[in-house]
$ cat input_36.txt   # compact mmCIF, C-alpha atoms
# COMPACT_ATOMS: atom_id res chain seq x y z
CA MET A 1 135.99 42.03 67.43
CA ARG A 2 139.73 42.19 68.13
CA TYR A 3 141.13 43.77 71.24
CA VAL A 4 144.26 45.90 71.33
CA ASN A 5 146.43 43.38 73.17
CA GLU A 6 145.18 40.42 71.16
CA PRO A 7 147.88 38.96 68.86
CA THR A 8 147.68 39.51 65.14
CA PRO A 9 146.41 36.37 63.39
CA GLY A 10 149.26 34.52 61.75
CA SER A 11 151.99 36.39 63.63
CA LEU A 12 154.65 34.98 65.91
CA ALA A 13 152.62 36.25 68.85
CA ASP A 14 149.99 33.61 68.07
CA GLU A 15 152.51 30.84 68.59
CA GLN A 16 154.41 32.27 71.54
CA PRO A 17 152.53 33.46 74.60
CA ASP A 18 155.46 35.63 75.78
CA ALA A 19 156.66 36.82 72.39
CA ASP A 20 159.36 39.45 72.14
CA PRO A 21 157.57 42.75 71.37
CA GLU A 22 160.32 43.80 68.95
CA GLN A 23 160.00 40.54 67.02
CA VAL A 24 156.23 41.00 66.88
CA ALA A 25 156.75 44.58 65.65
CA ARG A 26 159.19 43.41 62.94
CA THR A 27 156.75 40.74 61.77
CA ILE A 28 153.85 43.20 61.61
CA LEU A 29 155.95 45.80 59.77
CA LEU A 30 157.38 43.37 57.25
CA ARG A 31 153.89 42.14 56.43
CA ARG A 32 152.50 45.68 56.12
CA LEU A 33 155.44 46.94 54.05
CA SER A 34 155.29 43.97 51.69
CA ALA A 35 151.76 45.05 50.71
CA ALA A 36 152.56 48.74 50.12
CA PRO A 37 155.00 51.42 51.26
CA ARG A 38 154.02 53.24 54.44
CA THR A 39 155.18 56.31 56.32
CA ARG A 40 156.85 56.04 59.69
CA LYS A 41 153.80 57.56 61.36
CA GLU A 42 151.43 55.09 59.70
CA CYS A 43 153.63 52.19 60.79
CA ARG A 44 153.95 53.50 64.34
CA ASP A 45 150.21 54.04 64.64
CA ASP A 46 149.59 50.51 63.40
CA LEU A 47 152.05 48.98 65.87
CA ILE A 48 150.61 50.89 68.82
CA LYS A 49 147.07 49.94 67.77
CA ARG A 50 148.15 46.31 67.73
CA GLY A 51 149.46 46.49 71.28
CA VAL A 52 153.22 46.80 70.68
CA PRO A 53 154.82 48.88 73.46
CA GLU A 54 155.88 52.35 72.27
CA GLU A 55 159.55 51.84 73.17
CA ALA A 56 159.77 48.59 71.20
CA ALA A 57 157.89 50.13 68.27
CA ASP A 58 160.26 53.12 68.17
CA ARG A 59 163.38 50.92 68.29
CA VAL A 60 162.16 48.74 65.44
CA LEU A 61 161.01 51.75 63.41
CA ASP A 62 164.40 53.43 63.88
CA ARG A 63 166.09 50.32 62.54
CA PHE A 64 163.72 50.07 59.56
CA VAL A 65 164.42 53.72 58.72
CA GLU A 66 168.16 53.14 59.13
CA VAL A 67 168.20 50.25 56.63
CA GLY A 68 165.86 52.06 54.22
CA LEU A 69 162.74 49.93 54.54
CA ILE A 70 160.83 53.02 55.64
CA ASP A 71 161.70 56.21 53.77
CA ASP A 72 159.30 59.11 54.23
CA SER A 73 161.08 61.22 51.61
CA ALA A 74 160.84 58.60 48.86
CA TYR A 75 157.26 57.83 49.90
CA ALA A 76 156.27 61.51 49.69
CA GLN A 77 157.81 61.93 46.24
CA LEU A 78 156.13 58.82 44.85
CA TRP A 79 152.80 59.72 46.47
CA ALA A 80 152.83 63.27 45.09
CA GLN A 81 153.80 62.24 41.57
CA SER A 82 151.29 59.41 41.45
CA ARG A 83 148.33 61.34 42.85
CA HIS A 84 149.04 64.35 40.64
CA ARG A 85 149.28 62.17 37.53
CA THR A 86 146.41 59.73 38.19
CA ARG A 87 143.88 61.78 40.16
CA GLY A 88 144.84 65.27 39.10
CA SER A 89 145.34 66.37 42.71
CA SER A 90 146.68 69.88 43.15
CA ARG A 91 149.67 70.83 45.27
CA SER A 92 147.46 72.07 48.10
CA VAL A 93 145.56 68.77 48.28
CA LEU A 94 148.78 66.78 48.10
CA ARG A 95 150.28 68.92 50.86
CA GLN A 96 147.31 68.19 53.13
CA GLU A 97 147.37 64.45 52.36
CA LEU A 98 151.10 64.15 53.04
CA ARG A 99 150.86 66.10 56.30
CA ALA A 100 148.00 63.83 57.41
CA LYS A 101 150.30 60.87 56.77
CA GLY A 102 152.85 62.34 59.16
CA ILE A 103 155.35 63.64 56.60
CA ALA A 104 157.49 66.54 57.85
CA ASP A 105 156.87 69.93 56.22
CA ASP A 106 160.37 70.19 54.73
CA VAL A 107 159.94 66.76 53.12
CA VAL A 108 156.52 67.80 51.78
CA VAL A 109 158.00 70.92 50.20
CA GLU A 110 160.74 68.84 48.57
CA ALA A 111 158.23 66.27 47.27
CA LEU A 112 156.03 68.96 45.71
CA GLU A 113 158.92 70.82 44.08
CA PRO A 114 158.61 69.03 40.69
CA ILE A 115 154.97 70.12 40.43
CA ASP A 116 155.40 73.73 39.41
CA ASP A 117 152.78 76.24 38.27
CA ASP A 118 153.05 75.10 34.65
CA ALA A 119 152.57 71.42 35.55
CA GLU A 120 149.58 72.26 37.71
CA ALA A 121 147.98 74.44 34.99
CA SER A 122 148.63 71.74 32.41
CA ARG A 123 146.99 69.09 34.59
CA ALA A 124 143.99 71.38 35.18
CA ARG A 125 143.56 71.85 31.42
CA LEU A 126 143.75 68.09 30.91
CA LEU A 127 141.07 67.47 33.55
CA VAL A 128 138.79 70.05 31.92
CA ALA A 129 139.38 68.62 28.44
CA LYS A 130 138.43 65.18 29.72
CA LYS A 131 135.24 66.38 31.42
CA LEU A 132 134.06 68.94 28.85
CA PRO A 133 132.62 66.50 26.27
CA THR A 134 130.24 65.10 28.90
CA MET A 135 128.75 68.55 29.45
CA SER A 136 127.49 69.35 25.94
CA ARG A 137 123.87 69.61 27.08
CA PHE A 138 124.68 72.69 29.22
CA ASP A 139 125.10 76.28 28.11
CA ASP A 140 128.57 77.86 28.32
CA ALA A 141 127.91 79.63 31.64
CA THR A 142 126.74 76.42 33.35
CA ARG A 143 129.65 74.41 31.92
CA GLU A 144 132.09 77.07 33.06
CA ARG A 145 130.63 77.20 36.56
CA ARG A 146 130.61 73.40 36.97
CA LEU A 147 134.09 72.88 35.57
CA ILE A 148 135.57 75.61 37.76
CA ALA A 149 133.85 74.07 40.78
CA MET A 150 135.31 70.66 39.90
CA LEU A 151 138.84 72.06 39.78
CA VAL A 152 138.44 74.10 42.96
CA ARG A 153 137.19 70.98 44.79
CA ARG A 154 140.41 69.28 43.68
CA GLY A 155 142.37 72.11 45.27
CA TYR A 156 143.32 74.18 42.23
CA PRO A 157 143.57 77.93 42.82
CA GLY A 158 140.68 79.95 41.41
CA HIS A 159 142.77 81.74 38.79
CA VAL A 160 144.17 78.45 37.47
CA ALA A 161 140.69 76.92 37.33
CA ARG A 162 139.15 79.92 35.55
CA SER A 163 141.95 80.10 33.02
CA ALA A 164 141.85 76.38 32.20
CA VAL A 165 138.08 76.38 31.83
CA ARG A 166 137.85 79.53 29.74
CA ASP A 167 140.57 78.29 27.43
CA ALA A 168 138.81 74.95 26.98
CA ILE A 169 135.38 76.46 26.44
CA GLY A 170 136.83 78.97 23.98
CA GLU A 171 138.52 76.18 22.02
CA SER A 172 135.36 74.09 22.16
CA SER A 173 133.25 76.95 20.80
CA SER A 174 135.80 77.59 18.02
CA GLU A 175 135.69 73.93 17.00
CA ASP A 176 131.87 73.95 17.01
CA PHE A 177 131.87 76.77 14.46
CA GLY A 178 134.72 75.33 12.39
CA LEU A 179 137.03 78.24 13.19
CA GLU A 180 140.10 76.14 13.88
$ encode --input "input_36.txt" --output "structure tokens"
Amino acid sequence: MRYVNEPTPGSLADEQPDADPEQVARTILLRRLSAAPRTRKECRDDLIKRGVPEEAADRVLDRFVEVGLIDDSAYAQLWAQSRHRTRGSSRSVLRQELRAKGIADDVVVEALEPIDDDAEASRARLLVAKKLPTMSRFDDATRERRLIAMLVRRGYPGHVARSAVRDAIGESSSEDFGLE
């Protein structure tokens, strides 16, 4: 079990008993940021958890933001686009996730701007189309209920979920009877 003031394995603090806290913070941040982008809040929380004094952490973080190594706006945009495309997350879910990561509300709004109502409805229809074939053993009412529930759990508004599901079930029924 590691303790808060214990040096990070492999860091400069291991080699120097009285290491400069800012140098330790830079080393930790560079290692963390080389693995994946992080928000300022995530980085700050990590530094504090690792025993870096708050003043030193804030100075180093300010410098990393200044030179562009930490960019909450770019992070939020990439996060929103990626999660919407790969997981089908709705705007409301993305908003909650970004806020939990410490992204400012105005930056969240800007990051979610490209995901308009049409993009969200289109993604909902795609999720339903992907799931629908696995539900052939259920009657239409059960499929509709389960698919709507799936979309609502992902944060889609009820009207978007109902519309996407009813469209998909209607198309599926038409195809079953050779009406298309």
$ atom_distance --input "input_36.txt" --atom1 "atom CA of A:Lys41" --atom2 "atom CA of A:Ile103"
7.9 Å
$ residues_around --input "input_36.txt" --residues "A:Asp45" --least-positions-apart "6" --cutoff "10 Å" --atoms "all atoms listed in the file" --output "number ranges by chain"
A: 39, 52, 54, 57
$ closest_residue --input "input_36.txt" --among "A:Asp140, A:Lys130, A:Thr86, A:Gln81" --to "A:Pro114" --atoms "all atoms listed in the file"
A:Gln81
$ residues_near_point --input "input_36.txt" --point "(144.9, 70.3, 32.3)" --cutoff "12 Å" --atoms "all atoms listed in the file" --output "PDB file with C-alpha atoms, in the frame of the given file"
ATOM      1  CA  HIS A  84     149.040  64.350  40.640  1.00  0.00           C
ATOM      2  CA  ARG A  85     149.280  62.170  37.530  1.00  0.00           C
ATOM      3  CA  ARG A  87     143.880  61.780  40.160  1.00  0.00           C
ATOM      4  CA  GLY A  88     144.840  65.270  39.100  1.00  0.00           C
ATOM      5  CA  SER A  89     145.340  66.370  42.710  1.00  0.00           C
ATOM      6  CA  SER A  90     146.680  69.880  43.150  1.00  0.00           C
ATOM      7  CA  ASP A 117     152.780  76.240  38.270  1.00  0.00           C
ATOM      8  CA  ASP A 118     153.050  75.100  34.650  1.00  0.00           C
ATOM      9  CA  ALA A 119     152.570  71.420  35.550  1.00  0.00           C
ATOM     10  CA  GLU A 120     149.580  72.260  37.710  1.00  0.00           C
ATOM     11  CA  ALA A 121     147.980  74.440  34.990  1.00  0.00           C
ATOM     12  CA  SER A 122     148.630  71.740  32.410  1.00  0.00           C
ATOM     13  CA  ARG A 123     146.990  69.090  34.590  1.00  0.00           C
ATOM     14  CA  ALA A 124     143.990  71.380  35.180  1.00  0.00           C
ATOM     15  CA  ARG A 125     143.560  71.850  31.420  1.00  0.00           C
ATOM     16  CA  LEU A 126     143.750  68.090  30.910  1.00  0.00           C
ATOM     17  CA  LEU A 127     141.070  67.470  33.550  1.00  0.00           C
ATOM     18  CA  VAL A 128     138.790  70.050  31.920  1.00  0.00           C
ATOM     19  CA  ALA A 129     139.380  68.620  28.440  1.00  0.00           C
ATOM     20  CA  LYS A 130     138.430  65.180  29.720  1.00  0.00           C
ATOM     21  CA  LYS A 131     135.240  66.380  31.420  1.00  0.00           C
ATOM     22  CA  LEU A 132     134.060  68.940  28.850  1.00  0.00           C
ATOM     23  CA  LEU A 147     134.090  72.880  35.570  1.00  0.00           C
ATOM     24  CA  LEU A 151     138.840  72.060  39.780  1.00  0.00           C
ATOM     25  CA  TYR A 156     143.320  74.180  42.230  1.00  0.00           C
ATOM     26  CA  VAL A 160     144.170  78.450  37.470  1.00  0.00           C
ATOM     27  CA  ALA A 161     140.690  76.920  37.330  1.00  0.00           C
ATOM     28  CA  ARG A 162     139.150  79.920  35.550  1.00  0.00           C
ATOM     29  CA  SER A 163     141.950  80.100  33.020  1.00  0.00           C
ATOM     30  CA  ALA A 164     141.850  76.380  32.200  1.00  0.00           C
ATOM     31  CA  VAL A 165     138.080  76.380  31.830  1.00  0.00           C
ATOM     32  CA  ARG A 166     137.850  79.530  29.740  1.00  0.00           C
ATOM     33  CA  ASP A 167     140.570  78.290  27.430  1.00  0.00           C
ATOM     34  CA  ALA A 168     138.810  74.950  26.980  1.00  0.00           C
TER      35      ALA A 168
END
$ closest_residue --input "input_36.txt" --among "A:Ile169, A:Ala76, A:Ala35, A:Ile28" --to "A:Ala111" --atoms "all atoms listed in the file"
A:Ala76
$ closest_residue --input "input_36.txt" --among "A:Glu144, A:Asp105, A:Asp46, A:Glu110" --to "A:Ala80" --atoms "all atoms listed in the file"
A:Glu110
$ closest_residue --input "input_36.txt" --among "A:Val93, A:Ala141, A:Leu30, A:Ala149" --to "A:Leu61" --atoms "only C-alpha atoms"
A:Leu30
$ atom_distance --input "input_36.txt" --atom1 "atom CA of A:Trp79" --atom2 "atom CA of A:Arg63"
22.9 Å
$ atom_distance --input "input_36.txt" --atom1 "atom CA of A:Ser73" --atom2 "atom CA of A:Arg26"
21.2 Å
$ closest_residue --input "input_36.txt" --among "A:Leu78, A:Val109, A:Ile148, A:Leu69" --to "A:Ser92" --atoms "all atoms listed in the file"
A:Val109
$ build_atoms --input "input_36.txt" --residues "stretch 44-63 of chain A" --atoms "N, CA and C atoms" --output "tab-separated table (two decimals), in the frame of the given file"
chain	number	residue	atom	x	y	z
A	44	ARG	N	153.97	53.36	62.87
A	44	ARG	CA	153.95	53.50	64.34
A	44	ARG	C	152.52	53.41	64.87
A	45	ASP	N	151.61	54.10	64.22
A	45	ASP	CA	150.21	54.04	64.64
A	45	ASP	C	149.67	52.61	64.59
A	46	ASP	N	150.04	51.88	63.54
A	46	ASP	CA	149.59	50.51	63.40
A	46	ASP	C	150.15	49.62	64.51
A	47	LEU	N	151.43	49.79	64.81
A	47	LEU	CA	152.05	48.98	65.87
A	47	LEU	C	151.41	49.27	67.23
A	48	ILE	N	151.21	50.52	67.53
A	48	ILE	CA	150.61	50.89	68.82
A	48	ILE	C	149.19	50.34	68.90
A	49	LYS	N	148.44	50.45	67.81
A	49	LYS	CA	147.07	49.94	67.77
A	49	LYS	C	147.04	48.43	68.01
A	50	ARG	N	148.08	47.77	67.59
A	50	ARG	CA	148.15	46.31	67.73
A	50	ARG	C	148.77	45.88	69.07
A	51	GLY	N	149.02	46.84	69.94
A	51	GLY	CA	149.46	46.49	71.28
A	51	GLY	C	150.96	46.38	71.48
A	52	VAL	N	151.76	46.82	70.52
A	52	VAL	CA	153.22	46.80	70.68
A	52	VAL	C	153.60	47.99	71.56
A	53	PRO	N	154.40	47.76	72.60
A	53	PRO	CA	154.82	48.88	73.46
A	53	PRO	C	155.54	49.96	72.65
A	54	GLU	N	155.33	51.22	73.02
A	54	GLU	CA	155.88	52.35	72.27
A	54	GLU	C	157.39	52.27	72.14
A	55	GLU	N	158.08	51.90	73.21
A	55	GLU	CA	159.55	51.84	73.17
A	55	GLU	C	160.03	50.81	72.15
A	56	ALA	N	159.40	49.64	72.16
A	56	ALA	CA	159.77	48.59	71.20
A	56	ALA	C	159.44	49.04	69.78
A	57	ALA	N	158.29	49.65	69.60
A	57	ALA	CA	157.89	50.13	68.27
A	57	ALA	C	158.91	51.15	67.75
A	58	ASP	N	159.31	52.09	68.60
A	58	ASP	CA	160.26	53.12	68.17
A	58	ASP	C	161.62	52.53	67.82
A	59	ARG	N	162.08	51.56	68.59
A	59	ARG	CA	163.38	50.92	68.29
A	59	ARG	C	163.34	50.21	66.94
A	60	VAL	N	162.28	49.47	66.70
A	60	VAL	CA	162.16	48.74	65.44
A	60	VAL	C	162.00	49.72	64.27
A	61	LEU	N	161.19	50.75	64.47
A	61	LEU	CA	161.01	51.75	63.41
A	61	LEU	C	162.32	52.46	63.09
A	62	ASP	N	163.09	52.80	64.11
A	62	ASP	CA	164.40	53.43	63.88
A	62	ASP	C	165.28	52.54	63.02
A	63	ARG	N	165.28	51.26	63.30
A	63	ARG	CA	166.09	50.32	62.54
A	63	ARG	C	165.59	50.20	61.09
